[in-house]
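Reproduced below: final_21.cif, with mmCIF, C-alpha atoms and all ligand atoms; chains and numbers go by the auth columns.
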data_data
loop_
_atom_site.group_PDB
_atom_site.id
_atom_site.type_symbol
_atom_site.label_atom_id
_atom_site.label_comp_id
_atom_site.label_asym_id
_atom_site.label_seq_id
_atom_site.Cartn_x
_atom_site.Cartn_y
_atom_site.Cartn_z
_atom_site.B_iso_or_equiv
_atom_site.auth_seq_id
_atom_site.auth_asym_id
ATOM 1 C CA MET A 1 -67.079 124.289 13.884 0.00 26 A
ATOM 2 C CA GLU A 2 -70.257 122.185 13.810 0.00 27 A
ATOM 3 C CA PRO A 3 -71.615 119.406 11.577 0.00 28 A
ATOM 4 C CA THR A 4 -74.390 120.297 9.099 0.00 29 A
ATOM 5 C CA ASP A 5 -77.334 118.158 7.999 0.00 30 A
ATOM 6 C CA GLN A 6 -75.330 117.149 4.896 0.00 31 A
ATOM 7 C CA ALA A 7 -73.053 114.215 5.739 0.00 32 A
ATOM 8 C CA GLY A 8 -69.395 115.179 5.830 0.00 33 A
ATOM 9 C CA VAL A 9 -69.938 118.951 5.678 0.00 34 A
ATOM 10 C CA TRP A 10 -69.075 121.230 8.598 0.00 35 A
ATOM 11 C CA ARG A 11 -69.729 124.909 9.054 0.00 36 A
ATOM 12 C CA ASP A 12 -68.564 127.826 11.140 0.00 37 A
ATOM 13 C CA GLY A 13 -71.003 130.673 10.610 0.00 38 A
ATOM 14 C CA ARG A 14 -71.392 131.018 6.818 0.00 39 A
ATOM 15 C CA THR A 15 -68.172 129.128 6.011 0.00 40 A
ATOM 16 C CA LEU A 16 -68.448 125.499 4.863 0.00 41 A
ATOM 17 C CA TYR A 17 -65.718 122.864 5.207 0.00 42 A
ATOM 18 C CA THR A 18 -64.949 119.282 4.250 0.00 43 A
ATOM 19 C CA ARG A 19 -62.307 117.149 5.908 0.00 44 A
ATOM 20 C CA ASN A 20 -59.168 117.195 3.758 0.00 45 A
ATOM 21 C CA ALA A 21 -58.557 113.674 2.426 0.00 46 A
ATOM 22 C CA VAL A 22 -54.940 114.592 1.642 0.00 47 A
ATOM 23 C CA PRO A 23 -53.735 116.747 4.553 0.00 48 A
ATOM 24 C CA GLY A 24 -51.116 119.266 3.523 0.00 49 A
ATOM 25 C CA ARG A 25 -52.417 119.418 -0.069 0.00 50 A
ATOM 26 C CA THR A 26 -55.156 121.632 -1.483 0.00 51 A
ATOM 27 C CA VAL A 27 -57.007 121.247 -4.791 0.00 52 A
ATOM 28 C CA GLY A 28 -57.123 124.943 -5.715 0.00 53 A
ATOM 29 C CA ASP A 29 -56.156 127.946 -3.655 0.00 54 A
ATOM 30 C CA GLU A 30 -58.755 127.275 -0.948 0.00 55 A
ATOM 31 C CA ALA A 31 -57.932 128.055 2.672 0.00 56 A
ATOM 32 C CA VAL A 32 -57.463 125.247 5.199 0.00 57 A
ATOM 33 C CA ARG A 33 -58.111 125.133 8.904 0.00 58 A
ATOM 34 C CA ARG A 34 -57.065 122.738 11.652 0.00 59 A
ATOM 35 C CA SER A 35 -59.435 121.783 14.421 0.00 60 A
ATOM 36 C CA ASP A 36 -58.773 119.061 17.019 0.00 61 A
ATOM 37 C CA GLY A 37 -55.853 117.797 14.927 0.00 62 A
ATOM 38 C CA VAL A 38 -57.943 117.446 11.747 0.00 63 A
ATOM 39 C CA GLU A 39 -57.377 119.491 8.599 0.00 64 A
ATOM 40 C CA TYR A 40 -60.436 120.901 6.807 0.00 65 A
ATOM 41 C CA ARG A 41 -60.647 122.648 3.418 0.00 66 A
ATOM 42 C CA VAL A 42 -62.910 125.659 2.968 0.00 67 A
ATOM 43 C CA TRP A 43 -65.686 124.881 0.433 0.00 68 A
ATOM 44 C CA ASP A 44 -66.040 128.203 -1.374 0.00 69 A
ATOM 45 C CA PRO A 45 -69.586 129.019 -2.587 0.00 70 A
ATOM 46 C CA PHE A 46 -68.199 131.474 -5.145 0.00 71 A
ATOM 47 C CA HIS A 47 -66.232 128.637 -6.774 0.00 72 A
ATOM 48 C CA SER A 48 -68.668 125.780 -6.239 0.00 73 A
ATOM 49 C CA LYS A 49 -72.365 125.975 -7.072 0.00 74 A
ATOM 50 C CA LEU A 50 -73.062 122.993 -4.835 0.00 75 A
ATOM 51 C CA ALA A 51 -71.621 124.849 -1.822 0.00 76 A
ATOM 52 C CA ALA A 52 -73.702 127.877 -2.849 0.00 77 A
ATOM 53 C CA TYR A 53 -76.803 125.686 -2.993 0.00 78 A
ATOM 54 C CA LEU A 54 -76.153 124.327 0.520 0.00 79 A
ATOM 55 C CA LEU A 55 -76.009 127.907 1.805 0.00 80 A
ATOM 56 C CA ARG A 56 -79.165 128.788 -0.142 0.00 81 A
ATOM 57 C CA GLY A 57 -81.252 126.186 1.656 0.00 82 A
ATOM 58 C CA ALA A 58 -80.808 122.905 -0.236 0.00 83 A
ATOM 59 C CA PRO A 59 -82.906 120.037 1.179 0.00 84 A
ATOM 60 C CA PRO A 60 -81.239 118.259 4.121 0.00 85 A
ATOM 61 C CA ARG A 61 -79.412 114.928 3.817 0.00 86 A
ATOM 62 C CA LEU A 62 -79.000 115.051 0.026 0.00 87 A
ATOM 63 C CA TRP A 63 -76.332 112.319 -0.004 0.00 88 A
ATOM 64 C CA ASN A 64 -76.399 110.922 3.554 0.00 89 A
ATOM 65 C CA GLY A 65 -75.959 107.163 3.472 0.00 90 A
ATOM 66 C CA ALA A 66 -75.081 107.153 -0.247 0.00 91 A
ATOM 67 C CA ARG A 67 -72.868 104.308 -1.429 0.00 92 A
ATOM 68 C CA SER A 68 -72.564 105.563 -4.956 0.00 93 A
ATOM 69 C CA ILE A 69 -72.748 109.032 -6.552 0.00 94 A
ATOM 70 C CA LEU A 70 -72.703 110.220 -10.153 0.00 95 A
ATOM 71 C CA TYR A 71 -71.329 113.671 -10.948 0.00 96 A
ATOM 72 C CA LEU A 72 -71.850 114.993 -14.493 0.00 97 A
ATOM 73 C CA GLY A 73 -69.532 117.789 -15.658 0.00 98 A
ATOM 74 C CA GLY A 74 -66.660 117.386 -13.229 0.00 99 A
ATOM 75 C CA ALA A 75 -64.291 119.906 -14.874 0.00 100 A
ATOM 76 C CA HIS A 76 -61.039 120.072 -12.874 0.00 101 A
ATOM 77 C CA GLY A 77 -62.663 118.506 -9.837 0.00 102 A
ATOM 78 C CA THR A 78 -63.115 121.477 -7.496 0.00 103 A
ATOM 79 C CA THR A 79 -66.597 120.475 -6.347 0.00 104 A
ATOM 80 C CA ALA A 80 -66.132 116.750 -6.950 0.00 105 A
ATOM 81 C CA SER A 81 -63.180 116.712 -4.531 0.00 106 A
ATOM 82 C CA HIS A 82 -65.334 118.173 -1.735 0.00 107 A
ATOM 83 C CA LEU A 83 -68.149 115.735 -2.446 0.00 108 A
ATOM 84 C CA ALA A 84 -65.717 112.793 -2.412 0.00 109 A
ATOM 85 C CA GLU A 85 -64.409 114.009 0.959 0.00 110 A
ATOM 86 C CA ALA A 86 -67.951 114.328 2.303 0.00 111 A
ATOM 87 C CA VAL A 87 -68.677 110.658 1.502 0.00 112 A
ATOM 88 C CA PRO A 88 -65.379 108.816 2.058 0.00 113 A
ATOM 89 C CA ASP A 89 -67.096 105.407 2.067 0.00 114 A
ATOM 90 C CA ALA A 90 -68.917 105.984 -1.238 0.00 115 A
ATOM 91 C CA LEU A 91 -67.688 105.931 -4.815 0.00 116 A
ATOM 92 C CA VAL A 92 -68.067 109.214 -6.694 0.00 117 A
ATOM 93 C CA PHE A 93 -68.096 108.622 -10.467 0.00 118 A
ATOM 94 C CA VAL A 94 -67.171 111.863 -12.237 0.00 119 A
ATOM 95 C CA VAL A 95 -68.056 112.199 -15.922 0.00 120 A
ATOM 96 C CA GLU A 96 -66.228 114.848 -17.947 0.00 121 A
ATOM 97 C CA LYS A 97 -66.137 115.090 -21.721 0.00 122 A
ATOM 98 C CA SER A 98 -63.272 117.534 -22.242 0.00 123 A
ATOM 99 C CA PRO A 99 -59.842 115.815 -22.367 0.00 124 A
ATOM 100 C CA VAL A 100 -58.265 119.101 -21.209 0.00 125 A
ATOM 101 C CA ALA A 101 -60.348 119.168 -18.025 0.00 126 A
ATOM 102 C CA PHE A 102 -60.018 115.412 -17.610 0.00 127 A
ATOM 103 C CA ALA A 103 -56.216 115.454 -17.117 0.00 128 A
ATOM 104 C CA PRO A 104 -56.274 117.305 -13.746 0.00 129 A
ATOM 105 C CA LEU A 105 -59.287 115.248 -12.702 0.00 130 A
ATOM 106 C CA LEU A 106 -57.313 112.074 -13.339 0.00 131 A
ATOM 107 C CA ALA A 107 -54.371 113.443 -11.340 0.00 132 A
ATOM 108 C CA LEU A 108 -56.733 114.257 -8.471 0.00 133 A
ATOM 109 C CA SER A 109 -58.137 110.726 -8.445 0.00 134 A
ATOM 110 C CA ARG A 110 -54.664 109.244 -7.853 0.00 135 A
ATOM 111 C CA GLU A 111 -54.676 110.753 -4.358 0.00 136 A
ATOM 112 C CA ARG A 112 -58.412 110.368 -3.741 0.00 137 A
ATOM 113 C CA PRO A 113 -59.295 106.755 -4.426 0.00 138 A
ATOM 114 C CA ASN A 114 -63.082 107.128 -4.045 0.00 139 A
ATOM 115 C CA LEU A 115 -63.159 109.666 -6.891 0.00 140 A
ATOM 116 C CA VAL A 116 -63.513 107.737 -10.163 0.00 141 A
ATOM 117 C CA PRO A 117 -63.023 109.917 -13.265 0.00 142 A
ATOM 118 C CA MET A 118 -64.660 108.893 -16.552 0.00 143 A
ATOM 119 C CA LEU A 119 -63.901 110.519 -19.893 0.00 144 A
ATOM 120 C CA ALA A 120 -67.390 110.370 -21.382 0.00 145 A
ATOM 121 C CA ASP A 121 -70.301 112.383 -22.747 0.00 146 A
ATOM 122 C CA ALA A 122 -73.225 112.850 -20.365 0.00 147 A
ATOM 123 C CA GLN A 123 -75.524 112.801 -23.387 0.00 148 A
ATOM 124 C CA LEU A 124 -74.776 109.098 -23.754 0.00 149 A
ATOM 125 C CA PRO A 125 -75.434 107.516 -20.335 0.00 150 A
ATOM 126 C CA GLU A 126 -75.735 104.088 -21.921 0.00 151 A
ATOM 127 C CA ARG A 127 -71.944 104.216 -22.481 0.00 152 A
ATOM 128 C CA TYR A 128 -71.161 104.355 -18.748 0.00 153 A
ATOM 129 C CA ALA A 129 -74.303 102.892 -17.156 0.00 154 A
ATOM 130 C CA ALA A 130 -72.835 99.386 -16.856 0.00 155 A
ATOM 131 C CA ASP A 131 -69.706 100.660 -15.082 0.00 156 A
ATOM 132 C CA VAL A 132 -71.542 103.022 -12.748 0.00 157 A
ATOM 133 C CA GLY A 133 -74.640 100.989 -11.862 0.00 158 A
ATOM 134 C CA LEU A 134 -77.461 102.621 -9.883 0.00 159 A
ATOM 135 C CA VAL A 135 -76.529 105.654 -7.775 0.00 160 A
ATOM 136 C CA ASP A 136 -78.049 107.192 -4.632 0.00 161 A
ATOM 137 C CA PHE A 137 -77.220 110.793 -5.521 0.00 162 A
ATOM 138 C CA LEU A 138 -76.713 112.415 -8.903 0.00 163 A
ATOM 139 C CA TYR A 139 -75.379 115.924 -9.527 0.00 164 A
ATOM 140 C CA GLN A 140 -75.179 117.692 -12.877 0.00 165 A
ATOM 141 C CA ASP A 141 -73.354 120.908 -13.699 0.00 166 A
ATOM 142 C CA ILE A 142 -72.826 121.150 -17.446 0.00 167 A
ATOM 143 C CA ALA A 143 -73.185 124.269 -19.528 0.00 168 A
ATOM 144 C CA GLN A 144 -75.211 122.900 -22.431 0.00 169 A
ATOM 145 C CA ARG A 145 -78.421 123.950 -24.123 0.00 170 A
ATOM 146 C CA GLN A 146 -80.020 120.520 -23.561 0.00 171 A
ATOM 147 C CA GLN A 147 -79.163 120.392 -19.839 0.00 172 A
ATOM 148 C CA ALA A 148 -82.639 119.426 -18.639 0.00 173 A
ATOM 149 C CA ALA A 149 -83.025 116.631 -21.202 0.00 174 A
ATOM 150 C CA ILE A 150 -79.555 115.245 -20.391 0.00 175 A
ATOM 151 C CA PHE A 151 -80.374 115.337 -16.678 0.00 176 A
ATOM 152 C CA ALA A 152 -83.742 113.600 -17.155 0.00 177 A
ATOM 153 C CA GLU A 153 -82.165 110.808 -19.179 0.00 178 A
ATOM 154 C CA ASN A 154 -79.384 110.218 -16.640 0.00 179 A
ATOM 155 C CA VAL A 155 -81.822 110.236 -13.724 0.00 180 A
ATOM 156 C CA ARG A 156 -84.127 107.824 -15.527 0.00 181 A
ATOM 157 C CA THR A 157 -81.242 105.471 -16.334 0.00 182 A
ATOM 158 C CA LEU A 158 -79.115 105.635 -13.193 0.00 183 A
ATOM 159 C CA LEU A 159 -80.852 106.995 -10.089 0.00 184 A
ATOM 160 C CA ALA A 160 -81.869 104.309 -7.567 0.00 185 A
ATOM 161 C CA ASP A 161 -85.343 104.343 -5.971 0.00 186 A
ATOM 162 C CA GLY A 162 -85.419 106.885 -3.130 0.00 187 A
ATOM 163 C CA GLY A 163 -82.331 108.687 -4.458 0.00 188 A
ATOM 164 C CA ARG A 164 -82.021 112.398 -5.048 0.00 189 A
ATOM 165 C CA ALA A 165 -80.603 114.380 -7.942 0.00 190 A
ATOM 166 C CA VAL A 166 -79.628 118.036 -8.314 0.00 191 A
ATOM 167 C CA LEU A 167 -79.619 119.926 -11.609 0.00 192 A
ATOM 168 C CA MET A 168 -77.518 123.084 -11.626 0.00 193 A
ATOM 169 C CA LEU A 169 -79.275 124.845 -14.461 0.00 194 A
ATOM 170 C CA LYS A 170 -77.106 127.397 -16.267 0.00 195 A
ATOM 171 C CA VAL A 171 -79.766 129.731 -17.592 0.00 196 A
ATOM 172 C CA ARG A 172 -77.658 131.510 -20.212 0.00 197 A
ATOM 173 C CA SER A 173 -76.568 128.248 -21.822 0.00 198 A
ATOM 174 C CA VAL A 174 -80.209 127.552 -22.617 0.00 199 A
ATOM 175 C CA SER A 175 -81.057 131.008 -23.971 0.00 200 A
ATOM 176 C CA GLN A 176 -79.261 134.363 -24.124 0.00 201 A
ATOM 177 C CA ARG A 177 -82.479 136.294 -24.580 0.00 202 A
ATOM 178 C CA ARG A 178 -85.334 134.731 -22.625 0.00 203 A
ATOM 179 C CA PRO A 179 -85.873 135.885 -19.008 0.00 204 A
ATOM 180 C CA ALA A 180 -84.347 133.575 -16.407 0.00 205 A
ATOM 181 C CA THR A 181 -87.743 132.805 -14.848 0.00 206 A
ATOM 182 C CA GLU A 182 -89.021 131.572 -18.208 0.00 207 A
ATOM 183 C CA VAL A 183 -85.983 129.354 -18.792 0.00 208 A
ATOM 184 C CA VAL A 184 -86.388 127.818 -15.320 0.00 209 A
ATOM 185 C CA ARG A 185 -90.112 127.278 -15.899 0.00 210 A
ATOM 186 C CA ALA A 186 -89.401 125.502 -19.197 0.00 211 A
ATOM 187 C CA ALA A 187 -86.782 123.290 -17.529 0.00 212 A
ATOM 188 C CA ARG A 188 -89.227 122.388 -14.752 0.00 213 A
ATOM 189 C CA ALA A 189 -91.858 121.490 -17.336 0.00 214 A
ATOM 190 C CA GLU A 190 -89.367 119.292 -19.167 0.00 215 A
ATOM 191 C CA LEU A 191 -88.444 117.428 -15.961 0.00 216 A
ATOM 192 C CA GLU A 192 -92.111 116.965 -15.078 0.00 217 A
ATOM 193 C CA ARG A 193 -92.842 115.613 -18.565 0.00 218 A
ATOM 194 C CA ALA A 194 -90.137 113.037 -17.855 0.00 219 A
ATOM 195 C CA ASP A 195 -92.061 112.094 -14.664 0.00 220 A
ATOM 196 C CA LEU A 196 -89.458 113.553 -12.304 0.00 221 A
ATOM 197 C CA ARG A 197 -90.726 114.867 -8.976 0.00 222 A
ATOM 198 C CA ILE A 198 -89.233 118.303 -8.254 0.00 223 A
ATOM 199 C CA VAL A 199 -88.922 118.749 -4.496 0.00 224 A
ATOM 200 C CA HIS A 200 -86.906 121.976 -4.235 0.00 225 A
ATOM 201 C CA GLU A 201 -85.783 124.978 -6.271 0.00 226 A
ATOM 202 C CA ALA A 202 -83.476 127.876 -5.384 0.00 227 A
ATOM 203 C CA ASN A 203 -81.507 130.621 -7.054 0.00 228 A
ATOM 204 C CA LEU A 204 -77.860 130.948 -6.065 0.00 229 A
ATOM 205 C CA LEU A 205 -77.688 134.675 -5.329 0.00 230 A
ATOM 206 C CA PRO A 206 -75.378 136.269 -4.321 0.00 231 A
ATOM 207 C CA PHE A 207 -72.908 133.552 -5.325 0.00 232 A
ATOM 208 C CA SER A 208 -74.003 133.124 -8.952 0.00 233 A
ATOM 209 C CA ARG A 209 -76.503 135.127 -11.003 0.00 234 A
ATOM 210 C CA GLU A 210 -76.566 132.620 -13.817 0.00 235 A
ATOM 211 C CA HIS A 211 -77.812 129.466 -12.123 0.00 236 A
ATOM 212 C CA ALA A 212 -80.891 127.914 -10.602 0.00 237 A
ATOM 213 C CA ALA A 213 -80.735 124.669 -8.629 0.00 238 A
ATOM 214 C CA LEU A 214 -83.468 122.039 -8.896 0.00 239 A
ATOM 215 C CA THR A 215 -83.658 118.907 -6.738 0.00 240 A
ATOM 216 C CA VAL A 216 -85.688 115.886 -7.827 0.00 241 A
ATOM 217 C CA ARG A 217 -86.518 112.688 -6.016 0.00 242 A
ATOM 218 C CA ALA A 218 -86.722 109.258 -7.595 0.00 243 A
HETATM 219 C C1 LIG B . -69.241 124.658 -15.316 0.00 301 A
HETATM 220 S S1 LIG B . -68.094 123.379 -15.595 0.00 301 A
HETATM 221 C C2 LIG B . -68.289 122.368 -14.167 0.00 301 A
HETATM 222 C C3 LIG B . -67.664 122.898 -12.898 0.00 301 A
HETATM 223 C C4 LIG B . -67.612 121.836 -11.801 0.00 301 A
HETATM 224 N N1 LIG B . -68.900 121.197 -11.672 0.00 301 A
HETATM 225 C C5 LIG B . -67.206 122.370 -10.437 0.00 301 A
HETATM 226 O O1 LIG B . -68.065 122.882 -9.703 0.00 301 A
HETATM 227 O O2 LIG B . -66.021 122.210 -10.081 0.00 301 A
HETATM 228 C C6 LIG B . -68.904 122.423 -16.817 0.00 301 A
HETATM 229 C C7 LIG B . -68.137 121.195 -17.270 0.00 301 A
HETATM 230 O O3 LIG B . -69.041 120.358 -17.976 0.00 301 A
HETATM 231 C C8 LIG B . -68.348 119.726 -19.022 0.00 301 A
HETATM 232 N N2 LIG B . -69.328 119.250 -19.994 0.00 301 A
HETATM 233 C C9 LIG B . -70.079 119.987 -20.853 0.00 301 A
HETATM 234 N N3 LIG B . -70.876 119.184 -21.580 0.00 301 A
HETATM 235 C C10 LIG B . -70.648 117.914 -21.154 0.00 301 A
HETATM 236 C C11 LIG B . -71.179 116.650 -21.512 0.00 301 A
HETATM 237 N N4 LIG B . -72.104 116.526 -22.447 0.00 301 A
HETATM 238 N N5 LIG B . -70.713 115.565 -20.877 0.00 301 A
HETATM 239 C C12 LIG B . -69.771 115.667 -19.896 0.00 301 A
HETATM 240 N N6 LIG B . -69.227 116.834 -19.524 0.00 301 A
HETATM 241 C C13 LIG B . -69.664 117.958 -20.138 0.00 301 A
HETATM 242 C C14 LIG B . -67.419 120.825 -19.550 0.00 301 A
HETATM 243 O O4 LIG B . -66.344 120.280 -20.274 0.00 301 A
HETATM 244 C C15 LIG B . -67.008 121.517 -18.259 0.00 301 A
HETATM 245 O O5 LIG B . -65.801 120.984 -17.758 0.00 301 A
#
What do you get writing this file as structure tokens?
Ligand SMILES: C[S@@+](CC[C@H](N)C(=O)[O-])C[C@H]1O[C@@H](n2cnc3c(N)ncnc32)[C@H](O)[C@@H]1O
Amino acid sequence: MEPTDQAGVWRDGRTLYTRNAVPGRTVGDEAVRRSDGVEYRVWDPFHSKLAAYLLRGAPPRLWNGARSILYLGGAHGTTASHLAEAVPDALVFVVEKSPVAFAPLLALSRERPNLVPMLADAQLPERYAADVGLVDFLYQDIAQRQQAAIFAENVRTLLADGGRAVLMLKVRSVSQRRPATEVVRAARAELERADLRIVHEANLLPFSREHAALTVRA
């Protein structure tokens, strides 16, 4: 098992791990592994687009040194729990608008104190901006037609100078009919119109056919 260039993420071959913040407990049905007396959880790229992106060549050091992270579209917390483990000294604010998904997220946060769940709509960053403050890394994974616009507004409002942000673009939520390449091109154009600097793009094959990842830099 060796460290990767993303803080708090280890790998053994193609398998990624984070250090389990609550040894003996898993978040889903992920496998665990002990090494030198430390328990690690497998970060499954088929269940987490962020893990898939790391394996598909995401830029190095996306969140290294971050003190504060904003995660939009936390759902039940599968990915957010790994991110919170990767940055134990940072706060990870997790915005989720569905009360049904929020309940397990809240339960998760009771055992993982650096994971801060917020029942809120990512379309209205002004509602949580004062609580969150500026962040060093922002991650968005929400299946909505206006994903790129929501991302641009959150980045503009909340990303600190020098920070990085990743948009997990769900192509079929934008359009059922248009080719994926066209949807990605339109999203890129929208981010550029908002003055965001796109530094990396990748598809997530073979882990997900439906998504493209875009990284921007403040
Ligand atoms: C694909 S799931 C996220 C999966 C999660 N990121 C993971 O990897 O564990 C998308 C989530 O975004 C939430 N969502 C959709 N629109 C939202 C919005 N405007 N604000 C906040 N959350 C939203 C949905 O309720 C859903 O839980």
Inset, instruction - For the structure shown, which residues end up in the PyMOL selection byres (((chain A and resi 163-175) around 8) and not hetatm)? Put them as a PyMOL selection string, please? - result: chain A and resi 94-99+147-148+160-162+176-180+184+189-195+198-200+212+215-216
Legend entry - Straight-line distance linking CA of Glu121 in chain A with atom O5 of ligand LIG 301 (chain A), stated in Å to one decimal: 6.2 Å
Inset, instruction - Mind checking which residues fall within 10 Å of range 45-51 of chain A, counting all atoms listed in the file, ignoring those fewer than 4 positions away in the same chain, and posting them as a list in words? - result: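 Residues near the query, excluding close chain neighbours: Glu55, Ala56, Val57, Arg58, Arg59, Val63, Glu64, Tyr65, Arg66, Val67, Thr103, Ser106, His107, Ala109, Glu110, Ala111, Pro113, Glu136, Arg137 and Pro138 of chain A.
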Report the residues retrieved by the PyMOL selection byres (((chain A and resi 88) around 7) and not hetatm) from the displayed file, expressed as an mmCIF file with C-alpha atoms, keeping the file's coordinate frame.
data_model
loop_
_atom_site.group_PDB
_atom_site.id
_atom_site.type_symbol
_atom_site.label_atom_id
_atom_site.label_comp_id
_atom_site.auth_asym_id
_atom_site.auth_seq_id
_atom_site.Cartn_x
_atom_site.Cartn_y
_atom_site.Cartn_z
ATOM 1 C CA GLN A 31 -75.330 117.149 4.896
ATOM 2 C CA ALA A 32 -73.053 114.215 5.739
ATOM 3 C CA ARG A 86 -79.412 114.928 3.817
ATOM 4 C CA LEU A 87 -79.000 115.051 0.026
ATOM 5 C CA ASN A 89 -76.399 110.922 3.554
ATOM 6 C CA GLY A 90 -75.959 107.163 3.472
ATOM 7 C CA ALA A 91 -75.081 107.153 -0.247
ATOM 8 C CA PHE A 162 -77.220 110.793 -5.521
#
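All residues of protein, DNA or RNA that reach within 8 Å of Gly102 in chain A, judged by all atoms listed in the file and not counting those fewer than 4 positions away in the chain, are Ser106, Pro129, Leu130 and Leu133 of chain A.
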Inset, instruction - Might you spell out which residues the PyMOL selection byres (((chain A and resi 77) around 12) and not hetatm) would select in the displayed file, as a PyMOL selection string? - result: chain A and resi 39-41+68-76+78-83+104+193+227-234+236-238
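Atom to atom, CA of Ala132 in chain A and CA of Leu149 in chain A stand 24.3 Å apart.
Of the residues under consideration (A:Asp61, A:Asp146, A:Asp30, A:Asp114), A:Asp146 shows the shortest atom-to-atom contact distance to ligand LIG 301 (chain A) when counting all atoms listed in the file.
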Inset, instruction - Provide the CA of Leu144 in chain A to CA of Ala128 in chain A distance in Å, to one decimal place. - result: 9.5 Å
Please put the answer as AutoDock Vina command-line options: centre and edge lengths, in Å with one decimal, of a box along x, y and z that encloses all listed atoms of ligand LIG 301 (chain A) plus 5 Å on each side.
--center_x -69.0 --center_y 120.1 --center_z -16.1 --size_x 16.3 --size_y 19.1 --size_z 22.7
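Distances to ligand LIG 301 (chain A) were evaluated for A:Leu183, A:Met26, A:Leu131, A:Ala126 using only C-alpha atoms and all ligand atoms, and the minimum falls at A:Ala126.
Nearest residue to ligand LIG 301 (chain A), choosing from A:Arg242, A:Arg181, A:His101, A:Arg218 and counting all atoms listed in the file: A:His101.
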Legend entry - A:Gly62, A:Arg222, A:Ala100, A:Val34 ranked by distance to ligand LIG 301 (chain A), top pick (using all atoms listed in the file):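 Looking only at the distances to ligand LIG 301 (chain A), the closest residue turns out to be A:Ala100.
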Inset, instruction - Find the residue from A:Val119, A:Val141, A:Ala219, A:Val241 that sits nearest to ligand LIG 301 (chain A); use only C-alpha atoms and all ligand atoms when measuring. - result: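 Closest residue, counting only C-alpha atoms and all ligand atoms: A:Val119.
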Inset, instruction - Rank nothing, just name the residue among A:Ala185, A:Ala105, A:Ser123, A:Trp35 nearest to Arg92 in chain A, using all atoms listed in the file. - result: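 Among the listed residues, the smallest separation from Arg92 in chain A belongs to A:Ala185.
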